[in-house]
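Enquirer: Just one file: entry.cif, with mmCIF, C-alpha atoms.
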data_target
#
loop_
_atom_site.label_atom_id
_atom_site.label_comp_id
_atom_site.auth_asym_id
_atom_site.auth_seq_id
_atom_site.Cartn_x
_atom_site.Cartn_y
_atom_site.Cartn_z
CA MET F 1 107.21 124.43 82.05
CA THR F 2 108.39 128.04 82.45
CA THR F 3 106.45 131.00 81.09
CA VAL F 4 108.46 134.08 80.13
CA THR F 5 107.14 137.38 78.81
CA ASP F 6 109.45 138.88 76.20
CA THR F 7 109.06 142.70 76.15
CA SER F 8 112.19 143.52 74.14
CA GLY F 9 110.26 143.96 70.90
CA PRO F 10 107.53 146.39 69.98
CA ALA F 11 104.90 143.96 71.29
CA SER F 12 104.90 141.60 74.25
CA VAL F 13 105.35 137.94 73.33
CA LEU F 14 104.48 135.06 75.65
CA VAL F 15 107.20 132.39 75.42
CA ARG F 16 106.75 128.93 76.91
CA ARG F 17 109.96 127.08 77.66
CA PRO F 18 109.91 123.36 78.53
CA GLY F 19 110.83 122.52 82.11
CA PRO F 20 112.74 119.53 83.48
CA GLN F 21 109.66 117.32 83.41
CA GLU F 22 109.15 117.93 79.70
CA LEU F 23 112.83 117.72 78.74
CA ASP F 24 113.60 114.52 80.65
CA PRO F 25 110.41 112.96 82.08
CA VAL F 26 112.09 109.69 83.10
CA ARG F 27 114.84 111.37 85.10
CA SER F 28 112.36 113.81 86.63
CA HIS F 29 110.12 110.94 87.69
CA ARG F 30 113.06 109.11 89.30
CA ARG F 31 114.07 112.21 91.23
CA ARG F 32 110.54 112.73 92.47
CA ARG F 33 110.25 109.08 93.47
CA ALA F 34 113.58 109.19 95.30
CA LEU F 35 112.46 112.31 97.18
CA GLU F 36 109.17 110.65 98.19
CA LEU F 37 110.94 107.52 99.44
CA SER F 38 113.49 109.60 101.34
CA LEU F 39 110.77 111.56 103.11
CA ALA F 40 108.81 108.38 103.87
CA ALA F 41 111.89 106.87 105.55
CA ALA F 42 113.20 110.03 107.18
CA VAL F 43 110.11 110.93 109.23
CA PRO F 44 109.78 107.63 111.19
CA LEU F 45 113.57 107.37 111.49
CA LEU F 46 113.71 110.84 113.03
CA LEU F 47 110.99 109.95 115.53
CA VAL F 48 112.84 106.76 116.52
CA LEU F 49 116.09 108.71 117.01
CA LEU F 50 114.30 111.26 119.19
CA TRP F 51 112.79 108.43 121.23
CA GLN F 52 116.22 106.83 121.65
CA LEU F 53 117.73 110.16 122.68
CA ALA F 54 114.96 110.85 125.17
CA ALA F 55 115.45 107.45 126.81
CA ALA F 56 119.24 107.84 126.92
CA LEU F 57 119.08 111.32 128.49
CA GLY F 58 116.40 110.36 130.99
CA TRP F 59 113.71 112.60 129.55
CA ILE F 60 111.33 109.62 129.72
CA ASP F 61 111.22 106.66 132.09
CA ASP F 62 112.77 103.80 130.11
CA ARG F 63 111.09 101.31 132.43
CA VAL F 64 107.74 102.45 131.04
CA TYR F 65 108.89 103.48 127.54
CA PRO F 66 111.92 101.31 126.68
CA ALA F 67 114.41 102.69 124.18
CA PRO F 68 114.04 101.49 120.57
CA SER F 69 117.39 99.71 120.87
CA THR F 70 116.06 97.73 123.84
CA ILE F 71 112.87 96.84 121.96
CA LEU F 72 114.86 95.77 118.92
CA ALA F 73 117.21 93.62 120.97
CA ASP F 74 114.36 91.95 122.84
CA GLY F 75 112.44 91.34 119.62
CA TRP F 76 115.51 89.82 118.00
CA ASP F 77 116.09 87.52 120.98
CA ARG F 78 112.46 86.36 121.02
CA ALA F 79 112.47 85.77 117.27
CA ALA F 80 115.75 83.86 117.42
CA ALA F 81 114.44 81.72 120.28
CA GLY F 82 111.23 81.01 118.35
CA ASP F 83 108.97 82.60 120.97
CA LEU F 84 107.60 85.33 118.70
CA TRP F 85 106.61 83.43 115.55
CA PRO F 86 103.71 81.39 116.98
CA ASP F 87 101.91 84.58 117.98
CA VAL F 88 102.63 86.19 114.61
CA ARG F 89 101.36 83.13 112.74
CA ALA F 90 98.20 82.94 114.87
CA THR F 91 97.32 86.58 114.22
CA LEU F 92 98.16 86.34 110.52
CA ARG F 93 96.10 83.18 110.10
CA ARG F 94 93.03 84.75 111.66
CA VAL F 95 93.38 87.97 109.68
CA LEU F 96 93.78 86.21 106.33
CA ALA F 97 90.88 83.81 106.91
CA GLY F 98 88.51 86.51 108.14
CA TYR F 99 89.59 88.93 105.41
CA ALA F 100 88.97 86.37 102.66
CA VAL F 101 85.49 85.50 103.94
CA GLY F 102 84.47 89.10 104.59
CA THR F 103 85.77 90.34 101.24
CA ALA F 104 84.01 87.63 99.25
CA ALA F 105 80.68 88.13 101.04
CA GLY F 106 80.88 91.93 100.93
CA TYR F 107 81.73 92.01 97.24
CA ALA F 108 79.00 89.55 96.25
CA LEU F 109 76.28 91.33 98.20
CA GLY F 110 77.52 94.79 97.22
CA LEU F 111 77.44 93.83 93.56
CA LEU F 112 73.92 92.40 93.92
CA MET F 113 72.56 95.41 95.79
CA GLY F 114 74.27 97.85 93.47
CA SER F 115 72.78 96.16 90.41
CA LEU F 116 69.22 95.55 91.69
CA ALA F 117 67.37 98.51 93.18
CA LEU F 118 64.70 96.36 94.85
CA VAL F 119 67.30 94.26 96.67
CA ARG F 120 69.05 97.45 97.75
CA ALA F 121 65.79 98.91 99.07
CA ALA F 122 65.03 95.73 101.02
CA LEU F 123 68.43 95.15 102.65
CA GLU F 124 70.17 98.52 102.95
CA PRO F 125 68.29 99.79 106.06
CA LEU F 126 69.04 96.57 107.96
CA LEU F 127 72.71 96.54 106.97
CA ASP F 128 73.05 100.24 107.79
CA ALA F 129 71.77 99.51 111.30
CA LEU F 130 74.21 96.62 111.73
CA TYR F 131 77.09 98.69 110.36
CA VAL F 132 76.97 101.20 113.21
CA VAL F 133 77.15 98.47 115.87
CA PRO F 134 80.73 98.32 117.28
CA LYS F 135 82.12 95.07 115.98
CA LEU F 136 83.80 94.18 119.26
CA ALA F 137 80.31 94.18 120.80
CA LEU F 138 79.56 91.19 118.56
CA LEU F 139 82.38 89.11 120.05
CA PRO F 140 80.16 87.60 122.82
CA VAL F 141 77.63 86.67 120.13
CA PHE F 142 80.30 84.90 118.08
CA LEU F 143 81.60 83.17 121.20
CA ASN F 144 78.12 81.78 121.82
CA MET F 145 77.86 80.71 118.18
CA PHE F 146 81.29 79.19 117.62
CA GLY F 147 82.61 78.57 121.12
CA LEU F 148 86.22 79.13 122.11
CA GLY F 149 88.92 78.83 119.49
CA GLU F 150 89.54 80.33 116.06
CA GLY F 151 85.90 80.67 115.03
CA PRO F 152 84.97 83.85 116.94
CA GLN F 153 88.20 85.62 115.93
CA VAL F 154 87.76 84.83 112.23
CA ALA F 155 84.05 85.72 112.33
CA LEU F 156 84.78 89.07 113.95
CA VAL F 157 87.34 89.99 111.28
CA ALA F 158 84.99 88.79 108.54
CA ALA F 159 82.11 90.87 109.90
CA THR F 160 84.31 93.97 110.07
CA VAL F 161 85.74 93.56 106.58
CA PHE F 162 82.33 92.72 105.11
CA PHE F 163 80.85 96.13 105.79
CA PHE F 164 83.77 98.09 104.33
CA VAL F 165 83.80 96.01 101.15
CA TRP F 166 80.00 95.94 100.87
CA ILE F 167 79.65 99.71 101.12
CA SER F 168 82.46 100.46 98.67
CA THR F 169 81.20 97.86 96.17
CA MET F 170 77.58 98.92 96.28
CA SER F 171 78.46 102.60 95.98
CA ALA F 172 80.88 101.91 93.11
CA VAL F 173 78.32 99.88 91.15
CA VAL F 174 75.58 102.45 91.68
CA ALA F 175 77.96 105.20 90.54
CA VAL F 176 78.69 103.50 87.18
CA PRO F 177 77.40 106.02 84.59
CA SER F 178 74.13 105.04 82.98
CA GLY F 179 75.72 105.68 79.59
CA HIS F 180 78.05 102.75 80.17
CA ARG F 181 75.12 100.45 80.92
CA ASP F 182 73.14 101.74 77.95
CA ALA F 183 76.09 101.12 75.65
CA GLY F 184 76.29 97.53 76.86
CA ARG F 185 72.57 97.00 76.24
CA VAL F 186 72.78 98.53 72.76
CA PHE F 187 75.49 96.03 71.84
CA GLY F 188 73.35 93.21 73.20
CA ALA F 189 75.55 92.33 76.17
CA SER F 190 74.39 89.42 78.28
CA PRO F 191 74.27 89.78 82.09
CA TRP F 192 77.72 88.16 82.36
CA GLN F 193 79.14 90.39 79.62
CA MET F 194 77.60 93.44 81.30
CA PHE F 195 79.35 92.48 84.52
CA ARG F 196 82.65 91.50 82.86
CA HIS F 197 83.03 94.44 80.48
CA VAL F 198 81.04 97.26 82.13
CA LEU F 199 80.40 96.95 85.86
CA LEU F 200 83.65 95.23 86.86
CA PRO F 201 86.19 97.59 85.23
CA ALA F 202 84.17 100.69 86.16
CA SER F 203 83.69 99.78 89.82
CA LEU F 204 86.81 97.78 90.69
CA PRO F 205 89.12 100.75 91.55
CA SER F 206 86.69 102.01 94.19
CA VAL F 207 86.10 98.49 95.47
CA LEU F 208 89.83 97.99 95.99
CA VAL F 209 90.06 101.25 97.94
CA GLY F 210 87.50 99.85 100.36
CA ALA F 211 89.38 96.54 100.48
CA ARG F 212 92.59 98.34 101.34
CA ILE F 213 90.93 100.26 104.18
CA ALA F 214 89.43 97.00 105.41
CA ALA F 215 92.90 95.40 105.48
CA GLY F 216 94.14 97.91 108.04
CA VAL F 217 90.96 97.74 110.11
CA ALA F 218 91.11 93.93 110.13
CA VAL F 219 94.48 94.03 111.89
CA LEU F 220 93.15 96.49 114.47
CA VAL F 221 90.10 94.35 115.20
CA ILE F 222 91.97 91.07 115.55
CA VAL F 223 94.47 92.58 117.99
CA ALA F 224 91.65 93.95 120.14
CA SER F 225 89.81 90.62 119.96
CA GLU F 226 92.91 88.64 120.94
CA GLN F 227 93.29 90.78 124.04
CA ILE F 228 89.83 89.71 125.16
CA ALA F 229 89.26 86.12 124.05
CA ALA F 230 92.43 84.38 122.89
CA THR F 231 95.30 82.45 124.36
CA ASN F 232 97.83 83.38 121.67
CA GLY F 233 98.40 85.98 118.99
CA LEU F 234 99.98 89.42 119.04
CA GLY F 235 97.02 90.96 120.86
CA HIS F 236 97.32 88.41 123.64
CA LEU F 237 101.09 88.97 123.74
CA ILE F 238 100.63 92.73 124.20
CA PHE F 239 97.95 92.38 126.87
CA ASP F 240 99.79 89.65 128.77
CA ALA F 241 103.09 91.58 128.72
CA ARG F 242 101.37 94.71 130.04
CA ALA F 243 99.81 92.73 132.90
CA LEU F 244 103.26 91.38 133.82
CA PHE F 245 104.91 94.84 133.48
CA GLN F 246 107.10 93.56 130.63
CA ASN F 247 106.93 96.79 128.70
CA ASP F 248 109.74 95.87 126.33
CA VAL F 249 107.81 92.76 125.26
CA MET F 250 104.65 94.83 124.97
CA PHE F 251 106.34 97.22 122.54
CA VAL F 252 107.74 94.29 120.56
CA GLY F 253 104.15 93.16 120.01
CA ILE F 254 103.05 96.69 119.07
CA VAL F 255 105.86 97.00 116.53
CA CYS F 256 104.95 93.62 115.04
CA VAL F 257 101.33 94.73 114.70
CA ALA F 258 102.40 97.93 112.96
CA VAL F 259 104.65 96.06 110.53
CA LEU F 260 101.96 93.46 109.86
CA GLY F 261 99.36 96.15 109.19
CA VAL F 262 101.61 98.07 106.81
CA LEU F 263 102.64 94.94 104.89
CA PHE F 264 99.06 93.69 104.59
CA SER F 265 97.74 97.05 103.43
CA GLU F 266 100.60 97.43 100.98
CA LEU F 267 99.99 93.94 99.60
CA VAL F 268 96.36 94.84 98.92
CA ARG F 269 97.47 98.08 97.26
CA ILE F 270 99.90 96.26 94.98
CA ALA F 271 97.24 93.70 94.09
CA GLY F 272 94.91 96.56 93.27
CA ARG F 273 97.47 98.14 90.96
CA LEU F 274 97.94 94.83 89.14
CA LEU F 275 94.20 94.27 88.79
CA THR F 276 93.37 97.84 87.71
CA PRO F 277 96.25 99.19 85.60
CA TRP F 278 93.85 101.74 84.11
CA ALA F 279 93.08 103.40 87.46
CA PRO F 280 94.96 106.54 88.65
CA ARG F 281 97.75 105.79 91.09
CA ASP F 282 97.02 106.74 94.69
CA ARG F 283 99.08 109.08 96.90
CA GLY F 284 101.04 110.30 93.93
CA ARG F 285 102.97 107.04 93.66
CA GLY F 286 104.76 106.84 90.40
CA GLN F 287 103.58 110.22 89.25
CA SER F 288 106.00 112.75 87.97
#
Just dump the structure as structure tokens.
Expert:
Amino acid sequence: MTTVTDTSGPASVLVRRPGPQELDPVRSHRRRRALELSLAAAVPLLLVLLWQLAAALGWIDDRVYPAPSTILADGWDRAAAGDLWPDVRATLRRVLAGYAVGTAAGYALGLLMGSLALVRAALEPLLDALYVVPKLALLPVFLNMFGLGEGPQVALVAATVFFFVWISTMSAVVAVPSGHRDAGRVFGASPWQMFRHVLLPASLPSVLVGARIAAGVAVLVIVASEQIAATNGLGHLIFDARALFQNDVMFVGIVCVAVLGVLFSELVRIAGRLLTPWAPRDRGRGQS
């Protein structure tokens, strides 16, 4: 909206003229969305082109930092030969299993501690102490508990995700305004109705923010874990390729991890939008 001061008359008049957003909000929203998508694609594309140029002109050693075209060709060959998919499936399986367990446990305990002050007082100091422990330091503990195989990997992801979801859930439930709770009690809401109609809709947007952060961290943790105690997976692929000086294969694994992390985080974001249509959209998505 444009503000214009009209001084042609004997007295100044403030005139407000509608801008493009007010005259055509749908078209303005589409233009803004197109600009955002263009910028989101242009920045990584520019970096890739600079990397390709640097490798072609010899500014960097392409034996250590292969050109993007080399990485793409090698990744395509490995995918076509079926050598890449077993590692992708192994990493994805561990991430999904650990994420599901950690999210369920973190949400249940966060909801309980957020609702009951005595439970929060009893457990919060202990969980705060465990939260600051680097999760990779727990890998030997999980190896002793579950032995070699999938168990330690899944447990490590679950433990990492648990703390992010627990903290966000507990904080969100505690932050629900007391007026909302009082209104539920006045209308005679049962504990289930209080949860369904008051606590859940008020806290869920913040809970899903924590779940989305946990999705990205889960991918980071599983890759680090696979480099230490796994015989397959993208983390093992990256570490093994680096030990054999196969830097092109190493970067293929890194790119796969990046794509997997982005897709997983975006999937959680989309699920959050579907579950909480009343919540404000993050990062300006869809806003005019």
Enquirer: Record the distance separating CA of Leu143 in chain F and CA of Leu220 in chain F, expressed in Å with one decimal.
Expert: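 Between CA of Leu143 in chain F and CA of Leu220 in chain F the gap works out to 18.9 Å.
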Enquirer: Could you check how far CA of Gln227 in chain F sits from CA of Ala241 in chain F, in Å to one decimal?
Expert: 10.9 Å
Enquirer: Can you tell me how far CA of Gly114 in chain F sits from CA of Val221 in chain F, in Å to one decimal?
Expert: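 Going from CA of Gly114 in chain F over to CA of Val221 in chain F, I get 27.1 Å.
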Enquirer: Considering all atoms listed in the file, return as number ranges by chain whatever protein or nucleic-acid residues lie within 10 Å of range 80-84 of chain F, sequence-local ones (same chain, fewer than 4 positions apart) excluded.
Expert: F: 74-76, 88-89, 233-234, 237, 249, 252-253, 256
Enquirer: Using the chain letters and numbering of this document, enumerate as a PyMOL selection string the residues selected by the PyMOL selection byres ((chain F and resi 200) around 12).
Expert: chain F and resi 107-108+111+114-115+169-170+172-174+176+180-181+191-199+201-208+275-276
Enquirer: On this structure, the PyMOL selection byres ((chain F and resi 161) around 10) would catch which residues? List them as a VMD selection string, sorted by chain and number.
Expert: chain F and resid 95 98 to 106 155 to 160 162 to 166 210 to 218 221
Enquirer: Between F:Val43, F:Val259, F:Leu148, F:Ala97, which has the minimum distance to Ala230 in chain F (counting only C-alpha atoms)?
Expert: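 Going through F:Val43, F:Val259, F:Leu148, F:Ala97 one by one, the smallest distance to Ala230 in chain F is for F:Leu148.
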Enquirer: Using all atoms listed in the file, can you list as a PyMOL selection string the residues within 12 Å of (116.5, 95.4, 122.5)?
Expert: chain F and resi 52+62+66-79+247-249+251-252
Enquirer: Keeping only C-alpha atoms, write the selected residues as a PDB file, in the frame of the given file.
Expert:
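As a result, part.pdb now contains:
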ATOM      1  CA  GLN F  52     116.220 106.830 121.650  1.00  0.00           C
ATOM      2  CA  ASP F  62     112.770 103.800 130.110  1.00  0.00           C
ATOM      3  CA  PRO F  66     111.920 101.310 126.680  1.00  0.00           C
ATOM      4  CA  ALA F  67     114.410 102.690 124.180  1.00  0.00           C
ATOM      5  CA  PRO F  68     114.040 101.490 120.570  1.00  0.00           C
ATOM      6  CA  SER F  69     117.390  99.710 120.870  1.00  0.00           C
ATOM      7  CA  THR F  70     116.060  97.730 123.840  1.00  0.00           C
ATOM      8  CA  ILE F  71     112.870  96.840 121.960  1.00  0.00           C
ATOM      9  CA  LEU F  72     114.860  95.770 118.920  1.00  0.00           C
ATOM     10  CA  ALA F  73     117.210  93.620 120.970  1.00  0.00           C
ATOM     11  CA  ASP F  74     114.360  91.950 122.840  1.00  0.00           C
ATOM     12  CA  GLY F  75     112.440  91.340 119.620  1.00  0.00           C
ATOM     13  CA  TRP F  76     115.510  89.820 118.000  1.00  0.00           C
ATOM     14  CA  ASP F  77     116.090  87.520 120.980  1.00  0.00           C
ATOM     15  CA  ARG F  78     112.460  86.360 121.020  1.00  0.00           C
ATOM     16  CA  ALA F  79     112.470  85.770 117.270  1.00  0.00           C
ATOM     17  CA  ASN F 247     106.930  96.790 128.700  1.00  0.00           C
ATOM     18  CA  ASP F 248     109.740  95.870 126.330  1.00  0.00           C
ATOM     19  CA  VAL F 249     107.810  92.760 125.260  1.00  0.00           C
ATOM     20  CA  PHE F 251     106.340  97.220 122.540  1.00  0.00           C
ATOM     21  CA  VAL F 252     107.740  94.290 120.560  1.00  0.00           C
TER      22      VAL F 252
END
Enquirer: Taking into account only C-alpha atoms, which residue in the set F:Leu53, F:Ala189, F:Leu96, F:Val133 is nearest to Leu260 in chain F?
Expert: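 Using only C-alpha atoms, Leu260 in chain F sits closest to F:Leu96.
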Enquirer: Would you kindly translate the PyMOL selection byres ((chain F and resi 137) around 12) into the concrete residues it picks from this file, as JSON, numbers by chain?
Expert: {"F": [130, 131, 132, 133, 134, 135, 136, 138, 139, 140, 141, 142, 143, 152, 156, 159, 160, 221, 224, 225, 228]}
Enquirer: Counting only C-alpha atoms, which residue out of F:Arg27, F:Leu57, F:Arg33, F:Gln153 sits closest to Asn232 in chain F?
Expert: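 Looking only at the distances to Asn232 in chain F, the closest residue turns out to be F:Gln153.
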Enquirer: Do a neighbour search on Glu124 in chain F at 9 Å with all atoms listed in the file, toss out local chain neighbours closer than 5 positions, and write the hits as a VMD selection string.
Expert: chain F and resid 113 119 129
Enquirer: Which one of F:Leu46, F:Val223, F:Ala175, F:Ala117 sits closest to Gly235 in chain F if you count all atoms listed in the file?
Expert: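 Closest residue, counting all atoms listed in the file: F:Val223.
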